[in-house]
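Trainee: Provided herewith: model-v9.pdb, PDB, C-alpha atoms.
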MODEL        1
ATOM      1  CA  MET C   1      -4.074  69.071 -12.865  1.00  0.00           C
ATOM      2  CA  GLY C   2      -4.630  72.092 -10.697  1.00  0.00           C
ATOM      3  CA  ARG C   3      -8.006  73.418  -9.689  1.00  0.00           C
ATOM      4  CA  GLY C   4      -9.480  76.289 -11.549  1.00  0.00           C
ATOM      5  CA  ARG C   5      -9.856  79.669  -9.924  1.00  0.00           C
ATOM      6  CA  VAL C   6     -12.796  79.782  -7.529  1.00  0.00           C
ATOM      7  CA  GLN C   7     -15.193  82.639  -8.100  1.00  0.00           C
ATOM      8  CA  LEU C   8     -15.759  84.468  -4.822  1.00  0.00           C
ATOM      9  CA  LYS C   9     -19.498  84.648  -4.349  1.00  0.00           C
ATOM     10  CA  ARG C  10     -22.011  83.124  -1.980  1.00  0.00           C
ATOM     11  CA  ILE C  11     -22.625  79.415  -2.558  1.00  0.00           C
ATOM     12  CA  GLU C  12     -26.350  79.034  -3.222  1.00  0.00           C
ATOM     13  CA  ASN C  13     -26.697  75.339  -2.343  1.00  0.00           C
ATOM     14  CA  SER C  14     -26.924  75.125   1.479  1.00  0.00           C
ATOM     15  CA  THR C  15     -25.385  71.613   1.630  1.00  0.00           C
ATOM     16  CA  ASN C  16     -22.428  72.643  -0.526  1.00  0.00           C
ATOM     17  CA  ARG C  17     -22.109  75.837   1.509  1.00  0.00           C
ATOM     18  CA  GLN C  18     -21.964  73.884   4.805  1.00  0.00           C
ATOM     19  CA  VAL C  19     -19.370  71.406   3.393  1.00  0.00           C
ATOM     20  CA  THR C  20     -17.235  74.271   2.104  1.00  0.00           C
ATOM     21  CA  PHE C  21     -17.520  76.081   5.452  1.00  0.00           C
ATOM     22  CA  SER C  22     -16.423  72.990   7.351  1.00  0.00           C
ATOM     23  CA  LYS C  23     -13.421  72.377   5.052  1.00  0.00           C
ATOM     24  CA  ARG C  24     -12.350  76.021   4.956  1.00  0.00           C
ATOM     25  CA  ARG C  25     -12.766  76.392   8.738  1.00  0.00           C
ATOM     26  CA  THR C  26     -10.471  73.396   9.321  1.00  0.00           C
ATOM     27  CA  GLY C  27      -7.921  74.827   6.870  1.00  0.00           C
ATOM     28  CA  MET C  28      -8.029  78.244   8.561  1.00  0.00           C
ATOM     29  CA  LEU C  29      -7.512  76.725  12.015  1.00  0.00           C
ATOM     30  CA  LYS C  30      -4.604  74.690  10.679  1.00  0.00           C
ATOM     31  CA  LYS C  31      -3.034  77.756   9.035  1.00  0.00           C
ATOM     32  CA  ALA C  32      -3.450  79.773  12.251  1.00  0.00           C
ATOM     33  CA  HIS C  33      -1.686  77.012  14.164  1.00  0.00           C
ATOM     34  CA  GLU C  34       1.115  76.842  11.556  1.00  0.00           C
ATOM     35  CA  ILE C  35       1.759  80.593  11.560  1.00  0.00           C
ATOM     36  CA  SER C  36       1.867  80.619  15.354  1.00  0.00           C
ATOM     37  CA  ILE C  37       4.537  77.902  15.366  1.00  0.00           C
ATOM     38  CA  LEU C  38       6.558  79.092  12.364  1.00  0.00           C
ATOM     39  CA  CYS C  39       6.628  82.763  13.346  1.00  0.00           C
ATOM     40  CA  ASP C  40       6.426  82.391  17.135  1.00  0.00           C
ATOM     41  CA  ALA C  41       3.382  84.656  17.032  1.00  0.00           C
ATOM     42  CA  GLU C  42       0.328  84.732  19.221  1.00  0.00           C
ATOM     43  CA  VAL C  43      -2.676  84.106  17.034  1.00  0.00           C
ATOM     44  CA  ALA C  44      -6.373  84.335  17.801  1.00  0.00           C
ATOM     45  CA  LEU C  45      -9.060  83.220  15.371  1.00  0.00           C
ATOM     46  CA  ILE C  46     -12.797  83.464  15.898  1.00  0.00           C
ATOM     47  CA  VAL C  47     -15.285  82.098  13.375  1.00  0.00           C
ATOM     48  CA  PHE C  48     -19.091  82.071  13.608  1.00  0.00           C
ATOM     49  CA  SER C  49     -21.085  79.716  11.445  1.00  0.00           C
ATOM     50  CA  ALA C  50     -24.257  80.753   9.585  1.00  0.00           C
ATOM     51  CA  LYS C  51     -26.217  79.317  12.501  1.00  0.00           C
ATOM     52  CA  GLY C  52     -24.199  81.354  15.006  1.00  0.00           C
ATOM     53  CA  LYS C  53     -21.952  78.556  16.297  1.00  0.00           C
ATOM     54  CA  LEU C  54     -18.578  79.776  17.577  1.00  0.00           C
ATOM     55  CA  PHE C  55     -15.254  78.240  16.469  1.00  0.00           C
ATOM     56  CA  GLU C  56     -12.063  79.594  17.965  1.00  0.00           C
ATOM     57  CA  TYR C  57      -8.328  79.116  18.034  1.00  0.00           C
ATOM     58  CA  SER C  58      -5.781  80.927  20.146  1.00  0.00           C
ATOM     59  CA  THR C  59      -2.160  80.519  21.062  1.00  0.00           C
ATOM     60  CA  ASP C  60      -1.956  81.786  24.565  1.00  0.00           C
ATOM     61  CA  TYR C  61       1.507  80.755  25.673  1.00  0.00           C
ATOM     62  CA  ARG C  62       0.952  82.053  29.176  1.00  0.00           C
ATOM     63  CA  HIS C  63      -1.713  79.431  29.729  1.00  0.00           C
ATOM     64  CA  LEU C  64       0.461  76.730  28.193  1.00  0.00           C
ATOM     65  CA  MET C  65       3.283  77.731  30.539  1.00  0.00           C
ATOM     66  CA  GLY C  66       0.943  77.437  33.527  1.00  0.00           C
ATOM     67  CA  GLU C  67       0.703  81.200  34.064  1.00  0.00           C
ATOM     68  CA  GLN C  68      -2.434  83.352  34.466  1.00  0.00           C
ATOM     69  CA  LEU C  69      -4.717  80.378  35.013  1.00  0.00           C
ATOM     70  CA  ASP C  70      -6.911  82.267  37.517  1.00  0.00           C
ATOM     71  CA  SER C  71      -9.186  83.591  34.785  1.00  0.00           C
ATOM     72  CA  LEU C  72      -9.911  80.080  33.429  1.00  0.00           C
ATOM     73  CA  ASP C  73     -12.891  78.101  34.595  1.00  0.00           C
ATOM     74  CA  LEU C  74     -13.034  74.312  34.926  1.00  0.00           C
ATOM     75  CA  LYS C  75     -14.032  73.750  31.286  1.00  0.00           C
ATOM     76  CA  ASP C  76     -11.180  75.942  30.008  1.00  0.00           C
ATOM     77  CA  LEU C  77      -8.708  74.188  32.277  1.00  0.00           C
ATOM     78  CA  GLN C  78      -9.866  70.789  31.040  1.00  0.00           C
ATOM     79  CA  GLU C  79      -9.522  71.937  27.405  1.00  0.00           C
ATOM     80  CA  LEU C  80      -6.066  73.290  28.142  1.00  0.00           C
ATOM     81  CA  GLU C  81      -5.109  70.007  29.808  1.00  0.00           C
ATOM     82  CA  ASN C  82      -6.427  68.046  26.816  1.00  0.00           C
ATOM     83  CA  GLN C  83      -4.461  70.254  24.433  1.00  0.00           C
ATOM     84  CA  LEU C  84      -1.309  69.720  26.480  1.00  0.00           C
ATOM     85  CA  ASP C  85      -1.920  65.960  26.636  1.00  0.00           C
ATOM     86  CA  ASN C  86      -2.423  65.812  22.868  1.00  0.00           C
ATOM     87  CA  SER C  87       0.668  67.912  22.319  1.00  0.00           C
ATOM     88  CA  LEU C  88       2.713  65.679  24.608  1.00  0.00           C
ATOM     89  CA  LYS C  89       1.457  62.582  22.797  1.00  0.00           C
ATOM     90  CA  GLN C  90       2.478  64.037  19.437  1.00  0.00           C
ATOM     91  CA  ILE C  91       5.849  65.135  20.793  1.00  0.00           C
ATOM     92  CA  ARG C  92       6.506  61.722  22.321  1.00  0.00           C
ATOM     93  CA  LEU C  93       5.426  59.912  19.163  1.00  0.00           C
ATOM     94  CA  ARG C  94       7.737  62.083  17.097  1.00  0.00           C
ATOM     95  CA  LYS C  95      10.599  61.684  19.602  1.00  0.00           C
ATOM     96  CA  ASN C  96      10.170  57.897  19.636  1.00  0.00           C
ATOM     97  CA  GLN C  97      10.102  57.812  15.832  1.00  0.00           C
ATOM     98  CA  VAL C  98      13.281  59.897  15.627  1.00  0.00           C
ATOM     99  CA  MET C  99      14.984  57.645  18.178  1.00  0.00           C
ATOM    100  CA  LEU C 100      13.906  54.467  16.361  1.00  0.00           C
ATOM    101  CA  ASP C 101      15.099  55.896  13.041  1.00  0.00           C
ATOM    102  CA  SER C 102      18.421  56.808  14.641  1.00  0.00           C
ATOM    103  CA  ILE C 103      18.821  53.326  16.137  1.00  0.00           C
ATOM    104  CA  ALA C 104      17.979  51.704  12.807  1.00  0.00           C
ATOM    105  CA  GLU C 105      20.508  53.932  11.022  1.00  0.00           C
ATOM    106  CA  HIS C 106      23.232  53.092  13.560  1.00  0.00           C
ATOM    107  CA  GLN C 107      22.452  49.383  13.248  1.00  0.00           C
ATOM    108  CA  ARG C 108      22.646  49.637   9.452  1.00  0.00           C
ATOM    109  CA  LYS C 109      26.000  51.437   9.668  1.00  0.00           C
ATOM    110  CA  GLY C 110      27.251  48.880  12.214  1.00  0.00           C
ATOM    111  CA  LYS C 111      26.334  45.983   9.921  1.00  0.00           C
ATOM    112  CA  ALA C 112      28.028  47.694   6.984  1.00  0.00           C
ATOM    113  CA  LEU C 113      31.201  48.230   9.048  1.00  0.00           C
ATOM    114  CA  LEU C 114      31.193  44.604  10.212  1.00  0.00           C
ATOM    115  CA  GLU C 115      30.836  43.417   6.616  1.00  0.00           C
ATOM    116  CA  LYS C 116      33.669  45.707   5.517  1.00  0.00           C
ATOM    117  CA  ASN C 117      35.823  44.427   8.398  1.00  0.00           C
ATOM    118  CA  LYS C 118      35.163  40.810   7.383  1.00  0.00           C
ATOM    119  CA  ASN C 119      36.146  41.589   3.784  1.00  0.00           C
ATOM    120  CA  LEU C 120      39.373  43.259   4.919  1.00  0.00           C
ATOM    121  CA  GLU C 121      40.234  40.305   7.185  1.00  0.00           C
ATOM    122  CA  LYS C 122      39.618  37.953   4.265  1.00  0.00           C
ATOM    123  CA  GLN C 123      41.907  40.019   2.011  1.00  0.00           C
ATOM    124  CA  ILE C 124      44.639  40.040   4.672  1.00  0.00           C
ATOM    125  CA  MET C 125      44.404  36.268   5.122  1.00  0.00           C
ATOM    126  CA  GLU C 126      44.584  35.720   1.347  1.00  0.00           C
ATOM    127  CA  LYS C 127      47.649  37.960   1.073  1.00  0.00           C
ATOM    128  CA  GLN C 128      49.338  36.165   3.970  1.00  0.00           C
ATOM    129  CA  LYS C 129      48.626  32.775   2.393  1.00  0.00           C
ATOM    130  CA  ALA C 130      49.960  33.951  -0.970  1.00  0.00           C
ATOM    131  CA  LYS C 131      53.100  35.332   0.673  1.00  0.00           C
ATOM    132  CA  ALA C 132      53.652  32.097   2.618  1.00  0.00           C
ATOM    133  CA  LEU C 133      53.202  30.017  -0.544  1.00  0.00           C
ATOM    134  CA  THR C 134      55.639  32.240  -2.439  1.00  0.00           C
ATOM    135  CA  GLN C 135      58.248  31.967   0.309  1.00  0.00           C
ATOM    136  CA  GLN C 136      57.767  28.213   0.544  1.00  0.00           C
ATOM    137  CA  GLY C 137      58.129  27.921  -3.235  1.00  0.00           C
ATOM    138  CA  HIS C 138      61.402  29.876  -3.217  1.00  0.00           C
ATOM    139  CA  TRP C 139      62.752  27.772  -0.353  1.00  0.00           C
ATOM    140  CA  GLU C 140      61.774  24.494  -2.046  1.00  0.00           C
ATOM    141  CA  GLN C 141      63.255  25.690  -5.325  1.00  0.00           C
ATOM    142  CA  ALA C 142      66.529  26.537  -3.599  1.00  0.00           C
ATOM    143  CA  GLN C 143      66.569  23.123  -1.922  1.00  0.00           C
ATOM    144  CA  THR C 144      65.882  21.145  -5.105  1.00  0.00           C
ATOM    145  CA  SER C 145      68.019  23.137  -7.545  1.00  0.00           C
ATOM    146  CA  THR C 146      71.326  22.587  -5.715  1.00  0.00           C
ATOM    147  CA  THR C 147      72.235  19.848  -3.353  1.00  0.00           C
ATOM    148  CA  SER C 148      75.294  21.705  -2.147  1.00  0.00           C
ATOM    149  CA  PRO C 149      75.550  25.391  -1.446  1.00  0.00           C
ATOM    150  CA  PRO C 150      77.442  27.625  -3.869  1.00  0.00           C
ATOM    151  CA  ALA C 151      81.222  27.791  -3.514  1.00  0.00           C
ATOM    152  CA  PHE C 152      81.190  31.289  -2.124  1.00  0.00           C
ATOM    153  CA  LEU C 153      79.051  30.032   0.781  1.00  0.00           C
ATOM    154  CA  MET C 154      81.369  27.097   1.564  1.00  0.00           C
ATOM    155  CA  PRO C 155      83.966  27.730   4.283  1.00  0.00           C
ATOM    156  CA  ASP C 156      87.566  27.526   3.046  1.00  0.00           C
ATOM    157  CA  ALA C 157      90.027  25.385   4.974  1.00  0.00           C
ATOM    158  CA  ASN C 158      92.875  27.840   4.299  1.00  0.00           C
ATOM    159  CA  PRO C 159      91.413  31.262   3.795  1.00  0.00           C
ATOM    160  CA  SER C 160      93.739  33.754   2.222  1.00  0.00           C
ATOM    161  CA  LEU C 161      93.421  37.412   1.539  1.00  0.00           C
ATOM    162  CA  ASN C 162      96.075  37.221  -1.158  1.00  0.00           C
ATOM    163  CA  ILE C 163      94.631  37.365  -4.584  1.00  0.00           C
ATOM    164  CA  GLY C 164      96.746  35.621  -7.189  1.00  0.00           C
ATOM    165  CA  TYR C 165      99.815  35.373  -4.941  1.00  0.00           C
ATOM    166  CA  TYR C 166     103.126  34.301  -6.345  1.00  0.00           C
ATOM    167  CA  GLU C 167     105.208  31.779  -4.551  1.00  0.00           C
ATOM    168  CA  GLY C 168     108.807  32.057  -5.506  1.00  0.00           C
ATOM    169  CA  ARG C 169     112.084  33.773  -4.882  1.00  0.00           C
ATOM    170  CA  ALA C 170     112.527  37.444  -5.161  1.00  0.00           C
ATOM    171  CA  THR C 171     115.814  39.303  -4.991  1.00  0.00           C
ATOM    172  CA  MET C 172     116.448  42.528  -3.164  1.00  0.00           C
ATOM    173  CA  GLU C 173     119.494  44.718  -3.167  1.00  0.00           C
ATOM    174  CA  GLU C 174     120.854  45.606   0.217  1.00  0.00           C
ATOM    175  CA  GLY C 175     123.926  47.721   0.626  1.00  0.00           C
ATOM    176  CA  GLY C 176     125.541  46.717  -2.626  1.00  0.00           C
ATOM    177  CA  GLY C 177     124.809  43.026  -2.329  1.00  0.00           C
ATOM    178  CA  GLU C 178     121.945  40.905  -3.480  1.00  0.00           C
ATOM    179  CA  THR C 179     119.726  39.086  -0.969  1.00  0.00           C
ATOM    180  CA  GLN C 180     117.242  36.431  -1.892  1.00  0.00           C
ATOM    181  CA  VAL C 181     114.001  36.348  -0.002  1.00  0.00           C
ATOM    182  CA  ASN C 182     111.310  33.713  -0.050  1.00  0.00           C
ATOM    183  CA  SER C 183     108.069  35.534  -0.490  1.00  0.00           C
ATOM    184  CA  ARG C 184     104.502  34.896  -1.254  1.00  0.00           C
ATOM    185  CA  LEU C 185     104.185  38.368  -2.762  1.00  0.00           C
ATOM    186  CA  PRO C 186     104.402  38.914  -6.472  1.00  0.00           C
ATOM    187  CA  PRO C 187     107.774  40.158  -7.682  1.00  0.00           C
ATOM    188  CA  TRP C 188     106.505  43.488  -8.899  1.00  0.00           C
ATOM    189  CA  MET C 189     105.559  44.360  -5.326  1.00  0.00           C
ATOM    190  CA  LEU C 190     109.007  43.508  -4.003  1.00  0.00           C
ATOM    191  CA  ASN C 191     111.046  45.505  -6.483  1.00  0.00           C
ATOM    192  CA  HIS C 192     109.976  48.832  -5.175  1.00  0.00           C
TER     193      HIS C 192
ENDMDL
END
What's the structure tokens form of this structure?

Mentor:
Amino acid sequence: MGRGRVQLKRIENSTNRQVTFSKRRTGMLKKAHEISILCDAEVALIVFSAKGKLFEYSTDYRHLMGEQLDSLDLKDLQELENQLDNSLKQIRLRKNQVMLDSIAEHQRKGKALLEKNKNLEKQIMEKQKAKALTQQGHWEQAQTSTTSPPAFLMPDANPSLNIGYYEGRATMEEGGGETQVNSRLPPWMLNH
């Protein structure tokens, strides 16, 4: 639930007024700081309490850069040094947090990659085992199914390129006479 609209008028109760002043003053200083950072603007804020107490905020980059320090007295220099120390602490804390987050992210990614690598190695080993078992099964099947190799793998003592040769006598006509020739060729090849 959101707050209702605040009616702008003086708060009568002095305690409530002081609490509201303190809260609103802190919010205003925070907003001044935010606008100076977001918009790269120089901001100055001066607030006096009901009792006349001064509250101020300024973004004087020249002082932060170490320039125009002659006008500052010892108290101002100490405040500036404290502001710089606090800023450096916040910057270093943030930098360390970013670095730790980055390291943790890289470690998480490294672990995930190692796990993926292990799974891939396991798959490769399983495939190699399956392939080896399949090859061994084929080899054993070939060994047990036939004790002798097929005929087409057996070397022939008398290899011949003649297919269905005919051994017999063929006759040929030469110059009017008939000559008989012993041939291993079929007769139809000799009659031409």

Trainee: From the options C:Ser87, C:Gln123, C:Thr59, C:Gln107, which residue's atoms come nearest to Cys39 in chain C, counting all atoms listed in the file?

Mentor: C:Thr59

Trainee: One number please: CA of Arg25 in chain C to CA of Lys9 in chain C, in Å, one decimal.

Mentor: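 Going from CA of Arg25 in chain C over to CA of Lys9 in chain C, I get 16.9 Å.
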
Trainee: Separation of CA of Asn96 in chain C and CA of Leu38 in chain C, in Å?

Mentor: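 These atoms are spaced 22.7 Å apart.
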
Trainee: Hey, which of C:Glu12, C:Gln18, C:Glu121, C:Lys116 ends up closest to Lys51 in chain C? Count all atoms listed in the file.

Mentor: C:Gln18

Trainee: For Ser49 in chain C, which residue out of C:Asn86, C:Val19, C:Asp70, C:Gly27 is the nearest one, using all atoms listed in the file?

Mentor: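 For Ser49 in chain C, the nearest of the given residues is C:Val19.
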
Trainee: The residues within 10 Å of (-18.7, 81.9, 8.3), using only C-alpha atoms and the coordinates of the file, should be reported as a PDB file with C-alpha atoms, in the coordinates of the input; which are they?

Mentor:
ATOM      1  CA  ARG C  17     -22.109  75.837   1.509  1.00  0.00           C
ATOM      2  CA  GLN C  18     -21.964  73.884   4.805  1.00  0.00           C
ATOM      3  CA  THR C  20     -17.235  74.271   2.104  1.00  0.00           C
ATOM      4  CA  PHE C  21     -17.520  76.081   5.452  1.00  0.00           C
ATOM      5  CA  SER C  22     -16.423  72.990   7.351  1.00  0.00           C
ATOM      6  CA  ARG C  24     -12.350  76.021   4.956  1.00  0.00           C
ATOM      7  CA  ARG C  25     -12.766  76.392   8.738  1.00  0.00           C
ATOM      8  CA  ILE C  46     -12.797  83.464  15.898  1.00  0.00           C
ATOM      9  CA  VAL C  47     -15.285  82.098  13.375  1.00  0.00           C
ATOM     10  CA  PHE C  48     -19.091  82.071  13.608  1.00  0.00           C
ATOM     11  CA  SER C  49     -21.085  79.716  11.445  1.00  0.00           C
ATOM     12  CA  ALA C  50     -24.257  80.753   9.585  1.00  0.00           C
ATOM     13  CA  LYS C  51     -26.217  79.317  12.501  1.00  0.00           C
ATOM     14  CA  GLY C  52     -24.199  81.354  15.006  1.00  0.00           C
ATOM     15  CA  LYS C  53     -21.952  78.556  16.297  1.00  0.00           C
ATOM     16  CA  LEU C  54     -18.578  79.776  17.577  1.00  0.00           C
ATOM     17  CA  PHE C  55     -15.254  78.240  16.469  1.00  0.00           C
TER      18      PHE C  55
END

Trainee: For the point (-5.2, 79.1, 8.2) in file coordinates, what residues are within 12 Å, counting all atoms listed in the file? Give the answer as number ranges by chain?

Mentor: C: 23-36, 43-47, 56-57

Trainee: Using CA of Ser58 in chain C and CA of Glu42 in chain C as the two end points, give the distance in Å to one decimal.

Mentor: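 Going from CA of Ser58 in chain C over to CA of Glu42 in chain C covers 7.3 Å.
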
Trainee: Could you give me range 126-137 of chain C completed to all heavy atoms, formatted as a PDB file, keeping the file's coordinate frame?

Mentor:
ATOM      1  N   GLU C 126      44.199  36.166   2.684  1.00  0.00           N
ATOM      2  CA  GLU C 126      44.584  35.720   1.347  1.00  0.00           C
ATOM      3  C   GLU C 126      45.994  36.192   0.997  1.00  0.00           C
ATOM      4  O   GLU C 126      46.787  35.438   0.435  1.00  0.00           O
ATOM      5  CB  GLU C 126      43.576  36.220   0.318  1.00  0.00           C
ATOM      6  CG  GLU C 126      42.237  35.506   0.386  1.00  0.00           C
ATOM      7  CD  GLU C 126      41.182  36.131  -0.515  1.00  0.00           C
ATOM      8  OE1 GLU C 126      41.470  37.160  -1.157  1.00  0.00           O
ATOM      9  OE2 GLU C 126      40.065  35.581  -0.560  1.00  0.00           O
ATOM     10  N   LYS C 127      46.309  37.434   1.350  1.00  0.00           N
ATOM     11  CA  LYS C 127      47.649  37.960   1.073  1.00  0.00           C
ATOM     12  C   LYS C 127      48.705  37.223   1.885  1.00  0.00           C
ATOM     13  O   LYS C 127      49.791  36.937   1.384  1.00  0.00           O
ATOM     14  CB  LYS C 127      47.706  39.466   1.347  1.00  0.00           C
ATOM     15  CG  LYS C 127      47.004  40.284   0.296  1.00  0.00           C
ATOM     16  CD  LYS C 127      47.142  41.767   0.546  1.00  0.00           C
ATOM     17  CE  LYS C 127      46.433  42.553  -0.545  1.00  0.00           C
ATOM     18  NZ  LYS C 127      46.571  43.993  -0.366  1.00  0.00           N
ATOM     19  N   GLN C 128      48.388  36.910   3.146  1.00  0.00           N
ATOM     20  CA  GLN C 128      49.338  36.165   3.970  1.00  0.00           C
ATOM     21  C   GLN C 128      49.562  34.763   3.427  1.00  0.00           C
ATOM     22  O   GLN C 128      50.686  34.264   3.409  1.00  0.00           O
ATOM     23  CB  GLN C 128      48.850  36.104   5.421  1.00  0.00           C
ATOM     24  CG  GLN C 128      48.976  37.423   6.158  1.00  0.00           C
ATOM     25  CD  GLN C 128      48.393  37.374   7.562  1.00  0.00           C
ATOM     26  OE1 GLN C 128      47.640  36.461   7.898  1.00  0.00           O
ATOM     27  NE2 GLN C 128      48.723  38.378   8.371  1.00  0.00           N
ATOM     28  N   LYS C 129      48.491  34.111   2.978  1.00  0.00           N
ATOM     29  CA  LYS C 129      48.626  32.775   2.393  1.00  0.00           C
ATOM     30  C   LYS C 129      49.459  32.822   1.123  1.00  0.00           C
ATOM     31  O   LYS C 129      50.334  31.983   0.909  1.00  0.00           O
ATOM     32  CB  LYS C 129      47.248  32.176   2.078  1.00  0.00           C
ATOM     33  CG  LYS C 129      46.500  31.696   3.296  1.00  0.00           C
ATOM     34  CD  LYS C 129      45.148  31.119   2.897  1.00  0.00           C
ATOM     35  CE  LYS C 129      44.338  30.712   4.107  1.00  0.00           C
ATOM     36  NZ  LYS C 129      43.003  30.218   3.720  1.00  0.00           N
ATOM     37  N   ALA C 130      49.203  33.815   0.274  1.00  0.00           N
ATOM     38  CA  ALA C 130      49.960  33.951  -0.970  1.00  0.00           C
ATOM     39  C   ALA C 130      51.439  34.201  -0.677  1.00  0.00           C
ATOM     40  O   ALA C 130      52.320  33.621  -1.326  1.00  0.00           O
ATOM     41  CB  ALA C 130      49.389  35.084  -1.813  1.00  0.00           C
ATOM     42  N   LYS C 131      51.712  35.037   0.307  1.00  0.00           N
ATOM     43  CA  LYS C 131      53.100  35.332   0.673  1.00  0.00           C
ATOM     44  C   LYS C 131      53.789  34.077   1.211  1.00  0.00           C
ATOM     45  O   LYS C 131      54.931  33.789   0.860  1.00  0.00           O
ATOM     46  CB  LYS C 131      53.136  36.447   1.714  1.00  0.00           C
ATOM     47  CG  LYS C 131      54.532  36.909   2.064  1.00  0.00           C
ATOM     48  CD  LYS C 131      54.484  38.065   3.043  1.00  0.00           C
ATOM     49  CE  LYS C 131      55.890  38.507   3.411  1.00  0.00           C
ATOM     50  NZ  LYS C 131      55.870  39.603   4.381  1.00  0.00           N
ATOM     51  N   ALA C 132      53.077  33.323   2.055  1.00  0.00           N
ATOM     52  CA  ALA C 132      53.652  32.097   2.618  1.00  0.00           C
ATOM     53  C   ALA C 132      53.926  31.076   1.519  1.00  0.00           C
ATOM     54  O   ALA C 132      54.973  30.416   1.507  1.00  0.00           O
ATOM     55  CB  ALA C 132      52.713  31.509   3.670  1.00  0.00           C
ATOM     56  N   LEU C 133      52.999  30.953   0.572  1.00  0.00           N
ATOM     57  CA  LEU C 133      53.202  30.017  -0.544  1.00  0.00           C
ATOM     58  C   LEU C 133      54.382  30.436  -1.411  1.00  0.00           C
ATOM     59  O   LEU C 133      55.167  29.606  -1.858  1.00  0.00           O
ATOM     60  CB  LEU C 133      51.932  29.905  -1.388  1.00  0.00           C
ATOM     61  CG  LEU C 133      50.754  29.156  -0.745  1.00  0.00           C
ATOM     62  CD1 LEU C 133      49.529  29.248  -1.633  1.00  0.00           C
ATOM     63  CD2 LEU C 133      51.125  27.704  -0.488  1.00  0.00           C
ATOM     64  N   THR C 134      54.522  31.733  -1.639  1.00  0.00           N
ATOM     65  CA  THR C 134      55.639  32.240  -2.439  1.00  0.00           C
ATOM     66  C   THR C 134      56.961  31.950  -1.739  1.00  0.00           C
ATOM     67  O   THR C 134      57.913  31.482  -2.360  1.00  0.00           O
ATOM     68  CB  THR C 134      55.484  33.754  -2.676  1.00  0.00           C
ATOM     69  OG1 THR C 134      54.230  33.981  -3.311  1.00  0.00           O
ATOM     70  CG2 THR C 134      56.595  34.301  -3.537  1.00  0.00           C
ATOM     71  N   GLN C 135      57.022  32.227  -0.446  1.00  0.00           N
ATOM     72  CA  GLN C 135      58.248  31.967   0.309  1.00  0.00           C
ATOM     73  C   GLN C 135      58.561  30.483   0.343  1.00  0.00           C
ATOM     74  O   GLN C 135      59.716  30.077   0.188  1.00  0.00           O
ATOM     75  CB  GLN C 135      58.118  32.514   1.735  1.00  0.00           C
ATOM     76  CG  GLN C 135      58.163  34.017   1.811  1.00  0.00           C
ATOM     77  CD  GLN C 135      57.935  34.528   3.219  1.00  0.00           C
ATOM     78  OE1 GLN C 135      57.469  33.805   4.087  1.00  0.00           O
ATOM     79  NE2 GLN C 135      58.262  35.801   3.428  1.00  0.00           N
ATOM     80  N   GLN C 136      57.556  29.663   0.518  1.00  0.00           N
ATOM     81  CA  GLN C 136      57.767  28.213   0.544  1.00  0.00           C
ATOM     82  C   GLN C 136      58.252  27.733  -0.819  1.00  0.00           C
ATOM     83  O   GLN C 136      59.152  26.899  -0.912  1.00  0.00           O
ATOM     84  CB  GLN C 136      56.469  27.484   0.924  1.00  0.00           C
ATOM     85  CG  GLN C 136      56.640  25.983   1.050  1.00  0.00           C
ATOM     86  CD  GLN C 136      55.342  25.304   1.457  1.00  0.00           C
ATOM     87  OE1 GLN C 136      54.317  25.942   1.596  1.00  0.00           O
ATOM     88  NE2 GLN C 136      55.409  24.009   1.635  1.00  0.00           N
ATOM     89  N   GLY C 137      57.695  28.289  -1.885  1.00  0.00           N
ATOM     90  CA  GLY C 137      58.129  27.921  -3.235  1.00  0.00           C
ATOM     91  C   GLY C 137      59.580  28.289  -3.479  1.00  0.00           C
ATOM     92  O   GLY C 137      60.341  27.502  -4.051  1.00  0.00           O
TER      93      GLY C 137
END
